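K.L.:
Just data34.tsv, nothing more (TSV, C-alpha atoms):
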chain	number	residue	atom	x	y	z
A	1	MET	CA	0.00	0.00	0.00
A	2	ARG	CA	2.71	2.41	1.00
A	3	ARG	CA	4.58	1.61	-2.20
A	4	THR	CA	1.49	2.38	-4.28
A	5	ILE	CA	1.20	5.79	-2.59
A	6	LEU	CA	4.84	6.47	-3.46
A	7	PHE	CA	4.13	5.61	-7.09
A	8	VAL	CA	1.10	7.93	-7.11
A	9	ILE	CA	3.23	10.77	-5.70
A	10	GLY	CA	5.83	10.05	-8.35
A	11	GLY	CA	3.08	10.13	-10.97
A	12	LEU	CA	1.95	13.54	-9.72
A	13	LEU	CA	5.48	14.92	-9.98
A	14	VAL	CA	5.88	13.64	-13.53
A	15	GLY	CA	2.40	15.04	-14.27
A	16	GLY	CA	3.66	18.46	-13.20
A	17	ILE	CA	6.59	18.19	-15.60
A	18	ILE	CA	4.23	17.15	-18.42
A	19	HIS	CA	2.03	20.15	-17.60
A	20	VAL	CA	4.92	22.61	-17.86
A	21	ALA	CA	6.23	20.98	-21.03
A	22	ILE	CA	2.85	21.13	-22.78
A	23	VAL	CA	2.20	24.76	-21.82
A	24	PHE	CA	5.59	25.86	-23.13
A	25	LEU	CA	5.37	23.83	-26.33
A	26	VAL	CA	1.82	24.78	-27.36
A	27	PRO	CA	2.80	28.15	-28.95
A	28	TYR	CA	5.33	26.41	-31.21
A	29	TYR	CA	3.03	23.61	-32.36
A	30	ALA	CA	-0.40	25.24	-32.27
A	31	GLY	CA	-0.72	25.40	-36.07
A	32	LYS	CA	-3.71	27.72	-35.84
A	33	ASP	CA	-1.75	30.65	-34.41
A	34	ALA	CA	-1.80	34.00	-36.21
A	35	TYR	CA	1.66	33.69	-37.77
A	36	SER	CA	0.86	30.28	-39.27
A	37	SER	CA	-2.62	31.23	-40.44
A	38	ILE	CA	-1.40	34.32	-42.28
A	39	ALA	CA	0.63	32.01	-44.54
A	40	ARG	CA	-2.69	30.68	-45.83
A	41	PHE	CA	-3.56	34.06	-47.33
A	42	GLY	CA	-0.59	34.16	-49.68
A	43	ASN	CA	3.09	34.98	-50.00
A	44	ASP	CA	5.22	36.48	-47.29
A	45	GLY	CA	6.38	40.05	-47.81
A	46	GLN	CA	3.07	41.44	-48.99
A	47	PHE	CA	-0.04	42.70	-47.27
A	48	HIS	CA	-3.12	40.53	-47.48
A	49	LEU	CA	-6.42	42.29	-47.11
A	50	LEU	CA	-8.80	40.56	-44.73
A	51	PRO	CA	-12.51	40.94	-45.39
A	52	MET	CA	-14.37	42.75	-42.63
A	53	ALA	CA	-15.40	40.39	-39.85
A	54	GLU	CA	-18.99	39.25	-40.10
A	55	ALA	CA	-20.93	36.68	-38.16
A	56	GLY	CA	-19.95	33.23	-39.37
A	57	ALA	CA	-17.23	34.67	-41.65
A	58	GLU	CA	-14.41	35.84	-39.46
A	59	THR	CA	-11.10	35.50	-41.25
A	60	MET	CA	-9.18	35.69	-38.00
A	61	PRO	CA	-10.75	35.30	-34.56
A	62	GLY	CA	-11.22	38.32	-32.32
A	63	MET	CA	-11.21	40.94	-35.07
A	64	ASP	CA	-13.03	44.17	-34.38
A	65	PRO	CA	-15.92	44.19	-36.90
A	66	HIS	CA	-15.58	47.96	-37.29
A	67	PHE	CA	-12.09	47.64	-38.71
A	68	MET	CA	-10.60	46.46	-41.95
A	69	GLU	CA	-7.26	44.77	-41.51
A	70	ALA	CA	-4.31	43.84	-43.67
A	71	VAL	CA	-1.64	41.41	-42.49
A	72	CYS	CA	1.85	40.66	-43.74
A	73	ARG	CA	4.60	38.26	-42.71
A	74	PHE	CA	8.03	39.83	-42.91
A	75	ASP	CA	11.56	38.51	-42.73
A	76	LEU	CA	14.64	40.65	-42.18
A	77	HIS	CA	17.19	37.94	-43.03
A	78	ASN	CA	17.57	39.33	-46.54
A	79	GLY	CA	17.99	42.90	-45.39
A	80	PRO	CA	15.90	45.68	-43.87
A	81	ILE	CA	12.44	46.41	-45.26
A	82	ARG	CA	10.31	49.48	-45.61
A	83	VAL	CA	6.55	49.56	-45.08
A	84	LEU	CA	4.67	52.15	-47.09
A	85	ALA	CA	0.98	52.99	-47.09
A	86	ALA	CA	-1.13	56.01	-47.97
A	87	MET	CA	-3.78	55.67	-45.32
A	88	PRO	CA	-7.22	57.24	-45.08
A	89	ASP	CA	-7.85	60.21	-42.78
A	90	GLU	CA	-9.81	58.09	-40.36
A	91	PHE	CA	-8.30	56.32	-37.40
A	92	TRP	CA	-5.76	53.65	-38.27
A	93	SER	CA	-2.98	51.80	-36.48
A	94	VAL	CA	-0.12	49.48	-37.25
A	95	ALA	CA	1.42	46.83	-35.02
A	96	VAL	CA	4.48	44.58	-35.31
A	97	PHE	CA	4.31	41.11	-33.74
A	98	ASP	CA	6.82	38.33	-33.26
A	99	LYS	CA	6.00	34.76	-34.31
A	100	LEU	CA	4.29	34.07	-30.97
A	101	SER	CA	1.87	37.01	-31.48
A	102	ARG	CA	3.67	39.16	-28.93
A	103	ASN	CA	3.50	42.81	-29.81
A	104	VAL	CA	6.92	44.42	-30.16
A	105	TYR	CA	5.84	47.78	-31.56
A	106	SER	CA	2.65	49.66	-32.37
A	107	LEU	CA	1.53	53.13	-33.28
A	108	THR	CA	-1.58	54.97	-34.38
A	109	ASP	CA	-2.09	57.58	-37.07
A	110	ARG	CA	-1.48	60.32	-34.51
A	111	ALA	CA	2.18	59.38	-34.32
A	112	VAL	CA	2.84	60.31	-37.95
A	113	ASP	CA	2.63	63.54	-39.91
A	114	GLY	CA	-0.26	63.51	-42.32
A	115	SER	CA	-1.62	60.11	-43.13
A	116	ASN	CA	1.32	58.42	-44.83
A	117	LEU	CA	2.74	55.41	-43.11
A	118	ASP	CA	6.46	55.03	-43.67
A	119	LEU	CA	8.26	52.51	-41.48
A	120	ALA	CA	11.77	51.12	-41.78
A	121	LEU	CA	12.19	47.75	-40.08
A	122	LEU	CA	15.73	46.70	-39.20
A	123	THR	CA	17.56	44.46	-36.80
A	124	SER	CA	20.08	46.14	-34.52
A	125	VAL	CA	22.98	44.88	-36.64
A	126	GLN	CA	21.40	46.22	-39.83
A	127	ASN	CA	20.70	49.51	-38.10
A	128	ALA	CA	24.34	49.87	-37.04
A	129	GLN	CA	25.52	49.07	-40.59
A	130	ILE	CA	23.12	51.40	-42.34
A	131	ARG	CA	23.99	54.31	-40.06
A	132	GLN	CA	27.43	54.46	-41.63
A	133	ASN	CA	25.97	55.41	-44.97
A	134	PRO	CA	22.31	56.23	-44.41
A	135	PRO	CA	20.03	56.32	-47.48
A	136	ASP	CA	17.75	59.34	-47.90
A	137	SER	CA	14.68	57.28	-47.14
A	138	LEU	CA	15.80	56.98	-43.54
A	139	ASN	CA	15.19	60.68	-43.02
A	140	THR	CA	11.48	60.38	-43.66
A	141	ALA	CA	10.80	56.90	-42.31
A	142	ILE	CA	10.08	55.97	-38.72
A	143	VAL	CA	13.00	53.67	-37.96
A	144	LEU	CA	12.18	50.60	-35.90
A	145	GLU	CA	15.12	48.64	-34.58
A	146	LEU	CA	13.45	45.32	-33.83
A	147	PRO	CA	14.56	42.64	-31.37
A	148	ILE	CA	13.26	40.00	-33.84
A	149	ASP	CA	14.19	39.10	-37.41
A	150	ALA	CA	10.85	37.70	-38.52
A	151	GLY	CA	7.24	38.19	-37.57
A	152	PHE	CA	4.12	39.83	-38.90
A	153	LEU	CA	2.56	43.24	-39.29
A	154	VAL	CA	-1.07	44.16	-38.82
A	155	LEU	CA	-2.51	47.29	-40.37
A	156	ARG	CA	-5.94	48.21	-39.01
A	157	ALA	CA	-8.17	50.96	-40.36
A	158	LEU	CA	-11.50	52.09	-39.00
A	159	VAL	CA	-14.41	51.91	-41.43
A	160	PRO	CA	-16.77	54.46	-39.84
A	161	ASP	CA	-19.58	53.64	-42.24
A	162	ASP	CA	-20.09	51.66	-45.41
A	163	SER	CA	-19.64	54.68	-47.69
A	164	LEU	CA	-15.95	54.85	-46.73
A	165	MET	CA	-15.36	51.17	-47.42
A	166	PRO	CA	-13.99	51.66	-50.96
A	167	ALA	CA	-11.45	54.28	-49.83
A	168	VAL	CA	-10.21	52.15	-46.93
A	169	THR	CA	-10.08	49.04	-49.10
A	170	ALA	CA	-8.05	50.85	-51.75
A	171	ALA	CA	-5.63	52.25	-49.18
A	172	LEU	CA	-4.99	48.90	-47.52
A	173	ALA	CA	-4.81	47.03	-50.82
A	174	ALA	CA	-2.09	49.40	-52.04
A	175	ALA	CA	0.01	49.12	-48.87
A	176	ARG	CA	3.51	47.77	-49.46
A	177	CYS	CA	5.11	45.52	-46.92
A	178	SER	CA	8.60	44.88	-48.22
A	179	ALA	CA	9.80	47.88	-50.18
A	180	SER	CA	13.55	48.46	-50.11
A	181	LEU	CA	15.14	51.25	-48.14
B	182	MET	CA	3.30	-8.07	-10.80
B	183	ARG	CA	2.68	-5.61	-7.97
B	184	PHE	CA	5.41	-3.46	-9.43
B	185	LEU	CA	3.82	-3.45	-12.87
B	186	ILE	CA	0.41	-2.45	-11.47
B	187	ASP	CA	2.01	0.37	-9.46
B	188	LEU	CA	3.89	1.55	-12.52
B	189	VAL	CA	0.71	1.60	-14.59
B	190	ILE	CA	-1.01	3.62	-11.85
B	191	ALA	CA	1.90	6.09	-11.73
B	192	VAL	CA	1.93	6.56	-15.50
B	193	ALA	CA	-1.84	6.97	-15.59
B	194	VAL	CA	-1.72	9.59	-12.83
B	195	ALA	CA	1.09	11.46	-14.60
B	196	VAL	CA	-0.69	11.55	-17.96
B	197	VAL	CA	-4.13	12.42	-16.60
B	198	VAL	CA	-2.84	15.11	-14.22
B	199	GLY	CA	-0.29	16.56	-16.65
B	200	VAL	CA	-2.38	16.63	-19.81
B	201	GLY	CA	-5.64	17.42	-18.03
B	202	SER	CA	-4.31	20.36	-16.05
B	203	ALA	CA	-2.40	21.73	-19.04
B	204	TRP	CA	-5.50	21.44	-21.23
B	205	TYR	CA	-7.60	23.24	-18.64
B	206	ALA	CA	-5.04	25.96	-17.93
B	207	VAL	CA	-4.41	26.69	-21.61
B	208	GLY	CA	-8.14	26.64	-22.37
B	209	GLN	CA	-8.61	29.16	-19.58
B	210	GLY	CA	-5.48	31.09	-20.48
B	211	HIS	CA	-6.64	34.00	-18.39
B	212	LEU	CA	-4.97	32.91	-15.17
B	213	PHE	CA	-2.86	35.96	-14.40
B	214	GLY	CA	-2.79	39.69	-14.92
B	215	ALA	CA	-6.52	40.46	-14.95
B	216	VAL	CA	-7.49	44.07	-14.25
B	217	THR	CA	-11.12	44.47	-13.26
B	218	VAL	CA	-12.86	47.82	-13.62
B	219	GLY	CA	-16.52	47.79	-12.67
B	220	ASP	CA	-18.23	45.14	-14.79
B	221	TRP	CA	-15.26	44.86	-17.17
B	222	THR	CA	-12.01	42.93	-17.20
B	223	ALA	CA	-8.88	43.58	-19.23
B	224	TRP	CA	-5.66	41.57	-19.58
B	225	PRO	CA	-3.17	44.30	-20.50
B	226	ASN	CA	-0.20	41.93	-20.47
B	227	ASP	CA	-1.70	39.54	-23.03
B	228	GLY	CA	0.08	39.90	-26.31
B	229	THR	CA	3.03	41.81	-24.87
B	230	LEU	CA	6.58	40.60	-24.36
B	231	ASP	CA	5.65	40.16	-20.67
B	232	ALA	CA	2.80	37.75	-21.41
B	233	ASP	CA	2.80	34.65	-19.20
B	234	PRO	CA	3.15	31.19	-20.79
B	235	TYR	CA	-0.55	30.42	-20.32
B	236	ALA	CA	-1.61	33.58	-22.13
B	237	LEU	CA	0.87	32.82	-24.94
B	238	ALA	CA	-0.49	29.30	-25.30
B	239	ARG	CA	-4.11	30.48	-25.29
B	240	ILE	CA	-3.45	33.13	-27.95
B	241	ALA	CA	-1.50	30.63	-30.08
B	242	ARG	CA	-4.39	28.17	-29.94
B	243	SER	CA	-7.09	30.72	-30.66
B	244	GLY	CA	-5.16	32.43	-33.47
B	245	GLU	CA	-6.26	35.89	-32.42
B	246	VAL	CA	-4.10	38.96	-32.90
B	247	PRO	CA	-4.01	41.06	-29.74
B	248	LEU	CA	-4.05	44.87	-29.80
B	249	GLY	CA	-0.63	46.42	-29.38
B	250	ALA	CA	-0.04	48.60	-26.34
B	251	GLY	CA	0.23	51.69	-28.54
B	252	GLU	CA	-3.02	50.87	-30.34
B	253	GLY	CA	-5.41	50.40	-27.49
B	254	LEU	CA	-6.85	48.21	-24.80
B	255	VAL	CA	-9.59	45.57	-24.83
B	256	PHE	CA	-12.10	45.08	-22.02
B	257	ALA	CA	-14.55	42.20	-21.87
B	258	ALA	CA	-17.65	41.57	-19.78
B	259	ALA	CA	-19.53	38.31	-19.33
B	260	ASP	CA	-21.69	39.45	-16.40
B	261	ASP	CA	-23.98	42.38	-15.66
B	262	ASP	CA	-23.53	44.73	-12.69
B	263	SER	CA	-25.34	42.31	-10.35
B	264	GLY	CA	-22.89	39.56	-11.28
B	265	ALA	CA	-25.43	37.53	-13.26
B	266	PRO	CA	-24.20	36.17	-16.60
B	267	LEU	CA	-25.33	38.05	-19.72
B	268	THR	CA	-28.03	36.11	-21.49
B	269	SER	CA	-29.89	36.90	-24.71
B	270	ARG	CA	-33.17	36.23	-22.91
B	271	CYS	CA	-32.81	39.59	-21.10
B	272	THR	CA	-32.42	43.20	-22.21
B	273	TYR	CA	-29.50	45.27	-20.91
B	274	THR	CA	-28.67	48.95	-20.85
B	275	ILE	CA	-25.03	49.98	-21.22
B	276	ALA	CA	-24.55	53.57	-20.11
B	277	GLY	CA	-22.22	55.81	-18.21
B	278	GLU	CA	-18.81	57.35	-18.64
B	279	THR	CA	-16.15	56.07	-20.98
B	280	PRO	CA	-12.41	56.48	-20.32
B	281	ALA	CA	-10.30	58.90	-22.32
B	282	ALA	CA	-9.77	57.47	-25.80
B	283	ARG	CA	-9.90	58.80	-29.30
B	284	LEU	CA	-12.22	56.06	-30.37
B	285	TRP	CA	-14.02	53.17	-28.77
B	286	THR	CA	-16.06	50.27	-30.09
B	287	LEU	CA	-18.56	48.03	-28.35
B	288	THR	CA	-19.16	44.57	-29.83
B	289	ALA	CA	-21.37	41.68	-28.80
B	290	THR	CA	-19.98	38.16	-29.24
B	291	ASP	CA	-21.02	34.72	-28.12
B	292	SER	CA	-19.17	33.23	-25.16
B	293	ASP	CA	-16.49	31.82	-27.50
B	294	GLY	CA	-15.72	35.30	-28.84
B	295	ARG	CA	-17.44	34.78	-32.20
B	296	LEU	CA	-19.76	37.32	-33.75
B	297	MET	CA	-23.43	36.43	-33.65
B	298	PRO	CA	-25.65	36.49	-36.75
B	299	ASN	CA	-28.62	38.83	-36.49
B	300	LEU	CA	-31.18	40.27	-38.86
B	301	ALA	CA	-30.02	43.86	-38.40
B	302	HIS	CA	-26.47	42.96	-39.54
B	303	ARG	CA	-25.08	45.04	-36.72
B	304	GLN	CA	-22.25	43.65	-34.60
B	305	GLY	CA	-21.65	46.70	-32.45
B	306	PHE	CA	-21.19	50.43	-32.22
B	307	HIS	CA	-18.28	52.78	-32.45
B	308	SER	CA	-18.13	56.02	-30.53
B	309	ARG	CA	-18.72	58.26	-33.53
B	310	GLU	CA	-21.90	56.70	-34.84
B	311	ILE	CA	-23.70	56.50	-31.56
B	312	VAL	CA	-26.83	58.57	-30.92
B	313	ARG	CA	-26.24	60.79	-27.89
B	314	ALA	CA	-28.42	62.95	-25.69
B	315	ALA	CA	-27.92	66.73	-25.85
B	316	ASN	CA	-25.48	66.61	-22.92
B	317	GLY	CA	-23.34	63.95	-24.58
B	318	ASP	CA	-24.58	61.01	-22.54
B	319	PHE	CA	-25.38	57.81	-24.34
B	320	ALA	CA	-27.19	54.57	-23.67
B	321	ILE	CA	-26.90	51.36	-25.67
B	322	THR	CA	-29.60	48.74	-25.40
B	323	ALA	CA	-28.44	45.16	-25.88
B	324	SER	CA	-31.39	42.97	-26.71
B	325	ARG	CA	-32.55	40.19	-28.96
B	326	SER	CA	-35.59	42.20	-30.07
B	327	VAL	CA	-35.71	45.55	-31.85
B	328	GLN	CA	-35.19	48.56	-29.54
B	329	PRO	CA	-35.37	52.32	-30.07
B	330	GLY	CA	-32.15	54.35	-29.97
B	331	ASN	CA	-28.82	52.55	-29.99
B	332	TRP	CA	-29.90	48.96	-30.39
B	333	LEU	CA	-27.21	46.31	-30.13
B	334	PRO	CA	-28.66	43.01	-31.35
B	335	VAL	CA	-27.32	40.00	-29.46
B	336	GLY	CA	-28.41	37.01	-31.52
B	337	ASP	CA	-29.77	33.84	-30.01
B	338	ALA	CA	-26.84	32.59	-27.94
B	339	GLU	CA	-27.78	31.63	-24.41
B	340	ARG	CA	-24.73	33.44	-23.03
B	341	PHE	CA	-23.05	36.39	-24.66
B	342	ASP	CA	-20.08	38.65	-23.97
B	343	LEU	CA	-19.57	42.34	-24.51
B	344	VAL	CA	-16.21	43.54	-25.81
B	345	PHE	CA	-15.24	47.16	-25.27
B	346	ARG	CA	-12.18	48.29	-27.24
B	347	LEU	CA	-10.49	51.59	-26.48
B	348	TYR	CA	-8.26	52.92	-29.26
B	349	ASP	CA	-5.48	55.42	-28.84
B	350	THR	CA	-5.89	55.68	-25.11
B	351	PRO	CA	-3.26	56.79	-22.58
B	352	LEU	CA	-4.36	53.83	-20.45
B	353	ALA	CA	-2.81	51.23	-22.68
B	354	THR	CA	0.65	52.52	-21.87
B	355	GLY	CA	0.48	52.13	-18.12
B	356	SER	CA	-1.30	54.58	-15.77
B	357	GLN	CA	-3.79	53.49	-13.16
B	358	LEU	CA	-6.43	51.25	-14.64
B	359	SER	CA	-8.39	50.58	-11.48
B	360	THR	CA	-9.48	54.22	-11.04
B	361	LEU	CA	-11.18	54.27	-14.44
B	362	SER	CA	-14.83	54.93	-14.97
B	363	MET	CA	-16.34	52.45	-17.36
B	364	PRO	CA	-19.96	52.12	-18.52
B	365	THR	CA	-22.22	49.97	-16.39
B	366	ILE	CA	-24.16	47.01	-17.74
B	367	ARG	CA	-27.60	47.01	-16.11
B	368	LYS	CA	-30.37	44.51	-16.65
B	369	ALA	CA	-33.39	46.45	-17.96
B	370	HIS	CA	-35.90	43.65	-17.97
B	371	CYS	CA	-36.21	39.93	-18.29
B	372	PRO	CA	-39.31	38.20	-19.59
Could I get this structure in the form of C-alpha cells?
P.N.:
Amino acid sequence: MRRTILFVIGGLLVGGIIHVAIVFLVPYYAGKDAYSSIARFGNDGQFHLLPMAEAGAETMPGMDPHFMEAVCRFDLHNGPIRVLAAMPDEFWSVAVFDKLSRNVYSLTDRAVDGSNLDLALLTSVQNAQIRQNPPDSLNTAIVLELPIDAGFLVLRALVPDDSLMPAVTAALAAARCSASL
Amino acid sequence: MRFLIDLVIAVAVAVVVGVGSAWYAVGQGHLFGAVTVGDWTAWPNDGTLDADPYALARIARSGEVPLGAGEGLVFAAADDDSGAPLTSRCTYTIAGETPAARLWTLTATDSDGRLMPNLAHRQGFHSREIVRAANGDFAITASRSVQPGNWLPVGDAERFDLVFRLYDTPLATGSQLSTLSMPTIRKAHCP
C-alpha cells in the first residue's frame, strides 16, 4: 500500500513536468496561431487584405468588426524592409508582432505627420551598418530597430460607415510591406 | 506483478494530471494579470513581451491577434452589474462614462468570442456613430428584439459577452487602470 502511494506521488510529480512541457510547447506547435494562419492568405512580404469580420465569416478570430485589416509576414534575413501605405484620414494603427503574437511595436495615425505610413524595419545589426551610410529614405521613415528578425505586421483601419469602405479598401490594398530602403 | 500495477497507476496519474491540467489551464489562459474595472475585465499583459506562458499558449491556440499597447486596450464583460451572466433572454442597458480614448467600439460576441448572426447585420457600435443625448450622454440597449435608440442586437446565444475596445488611449501605456470609470451594464428587464 505504501509503495502504491509512493508511485502515485511520483506520478503527480511527472504530471507536473508534463504540464509545464505542454504549456511551453503549445505556442510552437499550435498550427492555428496567427503567424501560421497568415501564410494561408498568400506569399510572405506582402499585405493581405482581410474581409471585414462578419458573423460566421471571421477570417481571424477576435477581429473588431468595425475595422478592416491587412496582415503581412516579414523577414529581415535578406535585409531591412520598408513599409509604405497612404492611409485614409480616419483612425488607423499598425502593429508589429513576433511569431508568438507578442506585440513588439505599435503606433496609431497620430504618431505620424499627415496620413502616410512610412516605417523602416531593421535588426540592430542592420541599423548599425546602415547608419554608416544612411540612405535618404531613412530621413522620412520611422526607424524601428526590432529585437526580432521575422514576424508579422497588422494594419488596421476604422471603417466608420459603409460609404468609406472603398477608400479604406483601396488604401490597404495598395500598402507595401517589403519595399527596399 | 505488484510493481507493474504500481507503474501503470503512476503513468496513468502522470498523464491524466499533466495533460488534463495543461488542457484546462491553456483553455482558460486567463490565469494571471486580470485588471477588473466595474463590470469589465482587461488583460493588459496579453500579447506583450511580458505575457505569461498560459496567455501565450491560449493566444496561439485561438489564433487571435491582440491589440498592441500603442493601439489600445480591450475590455470584456460576461456578467452584468449584479454579477449575473449576460443572457440573450434579457435586455440590458449599457450607459455611463467612458475612459479617455480617441475612439471606442462596443461589440457583442457569443461566449467563445465569435460574432453572432442577427437580422439587423449590426455587430456593435463605435463612438462616432452613436446617438447621444444633448449633454453627450449615451445609452446602448443590448437585446434580442428591436429597440429604439442605440440597439445592439445580441443574436440567439444563451450566453453572450460584450467587448469594449479603447483605441489610442493613454491607459494602454500604463497609468492606473483601477481608477477608471467604465460604462455599467444594467439589466433592464427579463421576460
K.L.:
Is there a way to get, as a PyMOL selection string, all residues within 12 Å of the point (13.6, 54.1, -36.2) in file coordinates, counting all atoms listed in the file?
P.N.:
chain A and resi 80-82+105+118-124+126-128+130-131+137-146
K.L.:
List as CSV every residue of chain B that is in contact with chain A, defined as an atom at most 6 Å from one of its atoms (using all atoms listed in the file), together with the nearest atom pair and the distance in Å rounded to one decimal, sorted by chain and then rising number.
P.N.:
residue,atom,partner,partner_atom,distance
B:Asp187,CA,A:Thr4,CA,5.6
B:Ala191,CA,A:Gly11,CA,4.3
B:Val192,CA,A:Gly11,CA,5.9
B:Val194,CA,A:Gly11,CA,5.2
B:Ala195,CA,A:Gly15,CA,3.8
B:Val196,CA,A:Gly15,CA,5.9
B:Val198,CA,A:Gly15,CA,5.2
B:Gly199,CA,A:Gly15,CA,3.9
B:Ala203,CA,A:His19,CA,4.9
B:Gly228,CA,A:Arg102,CA,4.5
B:Thr229,CA,A:Arg102,CA,4.9
B:Leu230,CA,A:Arg102,CA,5.6
B:Ala238,CA,A:Pro27,CA,5.0
B:Ala241,CA,A:Asp33,CA,4.3
B:Arg242,CA,A:Ala30,CA,5.5
B:Gly244,CA,A:Asp33,CA,4.0
B:Glu245,CA,A:Pro61,CA,5.0
B:Gly249,CA,A:Ser106,CA,5.5
B:Gly251,CA,A:Ser106,CA,5.0
B:Glu252,CA,A:Leu107,CA,5.9
B:Leu296,CA,A:Ala55,CA,4.6
B:Met297,CA,A:Ala55,CA,5.2
B:Pro298,CA,A:Ala55,CA,4.9
K.L.:
List as an MDAnalysis selection string the residues having at least one atom at most 6 Å from position (-5.3, 47.8, -23.0) as given in the file, counting only C-alpha atoms.
P.N.:
chainID B and resid 225 253:255 353
K.L.:
Could you check the closest approach to Ala282 in chain B for each of B:Arg303, B:Arg346, B:Arg183, B:Lys368 and tell me which residue wins, using only C-alpha atoms?
P.N.:
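Closest to Ala282 in chain B, using only C-alpha atoms: B:Arg346.
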K.L.:
What lies within 9 Å of Ile366 in chain B using all atoms listed in the file, ignoring chain neighbours under 3 positions off, as a list in words?
P.N.:
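Using all atoms listed in the file, the neighbours found are Asp220, Ala258, Asp260, Asp261, Asp262, Ser263, Tyr273, Thr274, Ile275 and Ala276 of chain B.
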K.L.:
Please indicate the distance in Å from CA of Asp291 in chain B to CA of Ala206 in chain B, rounded to one decimal place.
P.N.:
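CA of Ala206 in chain B lies at a distance of 20.9 Å from CA of Asp291 in chain B.
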K.L.:
Measuring atom to atom with all atoms listed in the file, identify which of B:Leu185, B:Ala289, B:Ile240, B:Leu284 is nearest to Gly210 in chain B.
P.N.:
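Ranked by minimum distance to Gly210 in chain B, first place goes to B:Ile240.
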K.L.:
Rank nothing, just name the residue among B:Val189, B:Ala257, B:Val207, B:Val312 nearest to Arg239 in chain B, using all atoms listed in the file.
P.N.:
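Distance minimum relative to Arg239 in chain B lands on B:Val207.
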K.L.:
Report as JSON the centre and the edge lengths, in Å to one decimal, of the axis-aligned box holding every listed atom of range 306-317 of chain B, padded by 6 Å on each side.
P.N.:
{"center_x": -23.3, "center_y": 58.6, "center_z": -28.9, "size_x": 22.3, "size_y": 28.3, "size_z": 23.9}
K.L.:
Report, in Å to a single decimal, how far apart CA of Pro266 in chain B and CA of Ala323 in chain B are.
P.N.:
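Computing it gives 13.6 Å between the two atoms.
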K.L.:
Give me, as a PDB file with C-alpha atoms, in the coordinates of the input, all polymer residues having an atom no more than 7 Å from Asp44 in chain A, counting all atoms listed in the file and skipping those fewer than 6 positions away in the same chain.
P.N.:
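So the final result, stored in around.pdb, reads:
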ATOM      1  CA  CYS A  72       1.850  40.660 -43.740  1.00  0.00           C
ATOM      2  CA  ARG A  73       4.600  38.260 -42.710  1.00  0.00           C
ATOM      3  CA  PHE A  74       8.030  39.830 -42.910  1.00  0.00           C
TER       4      PHE A  74
END
K.L.:
Provide the CA of Val168 in chain A to CA of Leu50 in chain A distance in Å, to one decimal place.
P.N.:
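We find that CA of Val168 in chain A and CA of Leu50 in chain A lie 11.9 Å from each other.
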K.L.:
Can you list, as a PDB file with C-alpha atoms, in the coordinates of the input, every protein, DNA or RNA residue that comes within 7 Å of Thr279 in chain B when you count all atoms listed in the file, leaving out same-chain residues fewer than 2 positions away?
P.N.:
ATOM      1  CA  GLY B 277     -22.220  55.810 -18.210  1.00  0.00           C
ATOM      2  CA  ALA B 281     -10.300  58.900 -22.320  1.00  0.00           C
ATOM      3  CA  SER B 362     -14.830  54.930 -14.970  1.00  0.00           C
ATOM      4  CA  MET B 363     -16.340  52.450 -17.360  1.00  0.00           C
ATOM      5  CA  PRO B 364     -19.960  52.120 -18.520  1.00  0.00           C
TER       6      PRO B 364
END
K.L.:
Can you rebuild range 281-293 of chain B with N, CA and C atoms and give it as an mmCIF file, in the coordinates of the input?
P.N.:
data_model
loop_
_atom_site.group_PDB
_atom_site.id
_atom_site.type_symbol
_atom_site.label_atom_id
_atom_site.label_comp_id
_atom_site.auth_asym_id
_atom_site.auth_seq_id
_atom_site.Cartn_x
_atom_site.Cartn_y
_atom_site.Cartn_z
ATOM 1 N N ALA B 281 -10.881 58.079 -21.265
ATOM 2 C CA ALA B 281 -10.300 58.900 -22.320
ATOM 3 C C ALA B 281 -9.756 58.007 -23.427
ATOM 4 N N ALA B 282 -10.247 58.216 -24.631
ATOM 5 C CA ALA B 282 -9.770 57.470 -25.800
ATOM 6 C C ALA B 282 -10.244 58.215 -27.027
ATOM 7 N N ARG B 283 -9.486 58.103 -28.108
ATOM 8 C CA ARG B 283 -9.900 58.800 -29.300
ATOM 9 C C ARG B 283 -11.087 58.121 -29.949
ATOM 10 N N LEU B 284 -11.188 56.842 -29.705
ATOM 11 C CA LEU B 284 -12.220 56.060 -30.370
ATOM 12 C C LEU B 284 -12.496 54.845 -29.499
ATOM 13 N N TRP B 285 -13.751 54.457 -29.391
ATOM 14 C CA TRP B 285 -14.020 53.170 -28.770
ATOM 15 C C TRP B 285 -15.064 52.413 -29.576
ATOM 16 N N THR B 286 -15.036 51.096 -29.448
ATOM 17 C CA THR B 286 -16.060 50.270 -30.090
ATOM 18 C C THR B 286 -16.620 49.301 -29.075
ATOM 19 N N LEU B 287 -17.900 49.019 -29.210
ATOM 20 C CA LEU B 287 -18.560 48.030 -28.350
ATOM 21 C C LEU B 287 -19.110 46.939 -29.262
ATOM 22 N N THR B 288 -18.768 45.688 -28.981
ATOM 23 C CA THR B 288 -19.160 44.570 -29.830
ATOM 24 C C THR B 288 -19.764 43.478 -28.971
ATOM 25 N N ALA B 289 -20.793 42.836 -29.486
ATOM 26 C CA ALA B 289 -21.370 41.680 -28.800
ATOM 27 C C ALA B 289 -20.872 40.419 -29.479
ATOM 28 N N THR B 290 -20.410 39.442 -28.690
ATOM 29 C CA THR B 290 -19.980 38.160 -29.240
ATOM 30 C C THR B 290 -20.621 37.046 -28.423
ATOM 31 N N ASP B 291 -20.570 35.823 -28.956
ATOM 32 C CA ASP B 291 -21.020 34.720 -28.120
ATOM 33 C C ASP B 291 -19.905 34.398 -27.114
ATOM 34 N N SER B 292 -20.126 33.426 -26.252
ATOM 35 C CA SER B 292 -19.170 33.230 -25.160
ATOM 36 C C SER B 292 -17.840 32.662 -25.650
ATOM 37 N N ASP B 293 -17.766 32.240 -26.928
ATOM 38 C CA ASP B 293 -16.490 31.820 -27.500
ATOM 39 C C ASP B 293 -15.803 32.947 -28.261
#
